[in-house]
Amino acid sequence: MEYGGIETTRSANAPVKELENVWITMPDGCDLAAKIWLPEDAEKNPVPAILEYIPYRKRDFKAVRDSQIHRYFAQKGYACLRVDLRGSGDSEGILKDEYLHQELDDGVEILRWAAKQSWCTGKIGIIGISWGGFNGLQIAAMNPPELKAIITICSSDDRYTDDVHYMGGCMLTDNLSWASTMFSYNSIPPDPAIVGERWKDMWLERLEGSGLWLKKWLDHQHRDDYWKHASVAENYEAIKCPVFAVSGWADGYSNTVFRLLENLDVPKKALIGGWGHKYPHLGGPGPATDFLNEAVRWWDRWLKDIDTGENDEPMLRAWMQDSVSPIIAKRPGHWIAENAWPSPNIEMQEFILSPGKVHLEPVEIADINDSEMRIMSPLSVGLFAGKWYSYSESTDLPNDQSEEDGGALVFNSPELEEDIEILGAPEVELELSSDKPIAMVAIRLNDVCREGTSTRVTYGLLNLTHRDGHECPQELEVNHTYKVRVRMNHVAQKFPAGNKISVAVSTSYWPLVWPSPEPPNLTVRSGGRLFLPVRPKSDVDSKLPDMGQPVMAESVPTTLLAPAHREWTVTHNLATNDVTQKIINKDAKIRLDEIDLEMKKDSTETYTYCNNNYDTVRGEVLTTRSLKRGDWHAISITRTILISTRTHFYIRATLDAYEGDVRIFSKSWDEAIPREMM
């Protein structure tokens, strides 16, 4: 393979040696489990290393994905390490929370260990999606000398404002969903084939010690020191190595890409496509790309000092999404590029809002009727919102927004006379008052086609007690008028001629967001403003090279034992006025043939309310995981329920673990956490 006439050091598919498990001993004696892929001759011809460091179990639940990625990198001349965090997978210890000092210190020690190995040149990169994208940034901010570059995918620089827990000062119900995911992961044992007879003692230690993470997160409802820790936005200057930032428009983490481009003072580039919370080579709903090759080019530049032409390429490649029906699980569009961010090519254009209207032409506020509009949304607004961070299954994307608009204030533009394309974060400014001291507002930007279907383009949330910041919220003065500005998530979207631009304002967005303590009635004054980051079309875009089709290494061999099953249903029992959203995610049951291990995960999320009563909202997540080899069978069942009153959140949780038919552990939690203007 050649870049700019310079040939890389290895053939396209060099032979690879796999080390199924290698122990890396931490300074305190704790052994971390690593799987390593090496070019076959790396002992004689040392190579740079690439680390992925996450809690998602290298041995089983991520074995297929890991083999496709890390074997590919090894074929291209890199040593690859997949390390289980302390207390996860086959590693010793207990995992007690996200991104603790211990985790990051261990990460630095792993880099130090790898750099000393005979097969390593001493230059190392970190790659990771989600958790691994987070700690890649966080370890980079510690500036270990061995770390020369990172690729951070679907991650965040600010753990409070742009993570699964809180958004705009509102609590996301994915806070419950994500806590339940880790509750389940933390409750399954290491593999006896790796750790030997001590597997059960290690399992019991985890079951007893990992804890209820949801309570920890609810104990910190504002942006305090808990969230500032490991948020690299606190000091971007701490990051000294090159950064490649990646995300997708269907994911919850798109904003981070743009803040990193704006604030990092290092070599940097970004890729953002139409996909969800996935590696770009896995794609969906936007087109997948040849991302692993793109990653190799990044590693070749910064770990091997090969001129790959990176310096001559645009800083940002983004997928400009075309207008599409919300019931179609595809995101057509085209690639665009910017050489800098913020881009001088983009103009924030202002549009005035008046009752029912988005004014496309300039209009004087004095010419608009000074009217007031009131809104108190039913809890049904949000039932078709999809997930905060989508895995791009057909079930978790937002549906037709006309189903949501009956409970919102809606402002529509006239039919567009020409296309409008945007790239960036739209904003809405409103003057409003509330009849309650605690209230929230949800803003949706929609693309309405001539047939009337409405596709959500992006959205923003604001807990109005956080109007002046997330650290020290203040209750609203009842019926006092405030001017607030709500920033929506970044997006690239084409609004075609003939369609309408629509803004929808609601006072709830359940179950994507946990509602306010009691239903607020908001009064919105006419004369609000919509700000759109309008990007003119560029001839340069049509000349961009194709992003290619996905290529990855061969997966570890598997046998499908039962197919995956997914459902997303909304039911309204008209006899009792109970409303239920149920999400069923049953992953495929498979056997990893080389290690004769069967694995299965079933999860059901249920969100309910009755009679539009805020005191009846309830979320429940039930997850079962199992691992089986011959007569050995380990099962965990976790159940978490979250309810609330006007003053408190209440958690009810249970954990049961079985060895075969015998329950070997059982524990329950019953917690009350005061609401803090949430």
# chains A, B, ... in the order shown; residues from 1 in each chain; ligands from 1

$ residues_around --residues "Asn573 (chain A)" --least-positions-apart "6" --cutoff "12 Å" --atoms "only C-alpha atoms" --output "PyMOL selection string"
chain A and resi 579-581+608-611

$ write_last_selection --atoms "C-alpha atoms" --output "tab-separated table (two decimals), in the first residue's frame"
chain	number	residue	atom	x	y	z
A	579	VAL	CA	-49.67	4.14	28.74
A	580	THR	CA	-46.69	1.80	28.25
A	581	GLN	CA	-43.59	1.91	26.09
A	608	THR	CA	-45.21	3.69	32.03
A	609	TYR	CA	-47.53	6.38	33.33
A	610	CYS	CA	-51.24	6.67	34.08
A	611	ASN	CA	-53.78	9.47	33.62

$ residues_around --residues "Pro192 (chain A)" --least-positions-apart "3" --cutoff "12 Å" --atoms "only C-alpha atoms" --output "PyMOL selection string"
chain A and resi 59+89-91+188-189+195-203+595+597+627-629+632-634

$ write_last_selection --atoms "N, CA and C atoms" --output "compact mmCIF listing (two decimals), in the first residue's frame"
# COMPACT_ATOMS: atom_id res chain seq x y z
N ARG A 59 -13.27 -11.67 26.17
CA ARG A 59 -13.33 -13.13 26.00
C ARG A 59 -14.64 -13.59 25.33
N GLY A 89 -14.62 -8.51 32.87
CA GLY A 89 -14.11 -9.63 32.09
C GLY A 89 -13.29 -10.59 32.93
N ASP A 90 -12.05 -10.84 32.51
CA ASP A 90 -11.18 -11.77 33.24
C ASP A 90 -10.18 -11.06 34.14
N SER A 91 -10.25 -9.73 34.21
CA SER A 91 -9.32 -8.99 35.07
C SER A 91 -9.72 -9.11 36.54
N ILE A 188 -21.57 -10.81 35.93
CA ILE A 188 -21.22 -12.11 35.36
C ILE A 188 -19.75 -12.41 35.63
N PRO A 189 -19.40 -13.69 35.72
CA PRO A 189 -18.07 -14.07 36.22
C PRO A 189 -17.01 -14.05 35.15
N VAL A 195 -9.07 -17.93 34.37
CA VAL A 195 -8.64 -17.61 35.75
C VAL A 195 -8.56 -18.84 36.64
N GLY A 196 -9.03 -19.99 36.16
CA GLY A 196 -8.92 -21.21 36.95
C GLY A 196 -9.97 -21.32 38.04
N GLU A 197 -9.64 -22.06 39.09
CA GLU A 197 -10.61 -22.38 40.14
C GLU A 197 -11.06 -21.17 40.94
N ARG A 198 -10.33 -20.08 40.88
CA ARG A 198 -10.72 -18.90 41.66
C ARG A 198 -11.87 -18.13 41.01
N TRP A 199 -12.41 -18.61 39.90
CA TRP A 199 -13.44 -17.86 39.17
C TRP A 199 -14.63 -17.52 40.05
N LYS A 200 -15.04 -18.46 40.91
CA LYS A 200 -16.25 -18.24 41.70
C LYS A 200 -16.00 -17.22 42.79
N ASP A 201 -14.83 -17.27 43.42
CA ASP A 201 -14.51 -16.26 44.43
C ASP A 201 -14.46 -14.87 43.80
N MET A 202 -13.89 -14.77 42.60
CA MET A 202 -13.85 -13.48 41.90
C MET A 202 -15.27 -13.00 41.58
N TRP A 203 -16.12 -13.95 41.19
CA TRP A 203 -17.51 -13.61 40.85
C TRP A 203 -18.24 -13.07 42.07
N ILE A 595 -13.68 -21.64 21.68
CA ILE A 595 -13.59 -21.83 23.13
C ILE A 595 -14.84 -22.52 23.68
N LEU A 597 -18.00 -21.74 24.01
CA LEU A 597 -18.71 -20.95 25.01
C LEU A 597 -19.99 -20.39 24.40
N LEU A 627 -23.69 -17.43 30.48
CA LEU A 627 -22.50 -18.02 29.86
C LEU A 627 -22.54 -19.52 30.15
N LYS A 628 -22.25 -20.34 29.14
CA LYS A 628 -22.36 -21.79 29.34
C LYS A 628 -21.29 -22.51 28.53
N ARG A 629 -20.62 -23.44 29.20
CA ARG A 629 -19.67 -24.35 28.55
C ARG A 629 -19.80 -25.71 29.22
N TRP A 632 -20.75 -26.23 32.99
CA TRP A 632 -20.62 -24.93 33.66
C TRP A 632 -21.62 -23.95 33.06
N HIS A 633 -22.44 -23.35 33.93
CA HIS A 633 -23.47 -22.43 33.46
C HIS A 633 -23.64 -21.32 34.49
N ALA A 634 -23.33 -20.09 34.09
CA ALA A 634 -23.45 -18.93 34.98
C ALA A 634 -24.52 -17.99 34.43

$ closest_residue --among "A:Trp178, A:Ala63, A:Asp578, A:Gly407" --to "Asp593 (chain A)" --atoms "only C-alpha atoms"
A:Ala63

$ atom_distance --atom1 "CA of Arg317 (chain A)" --atom2 "CA of Ser502 (chain A)"
26.8 Å

$ select_by_dssp --residues "region 339-498 of chain A" --states "strand (DSSP E or B)" --output "ChimeraX atom specification"
/A:347-354,357-359,372-375,409-412,420-424,427-434,440-448,454-463,482-487,491-495
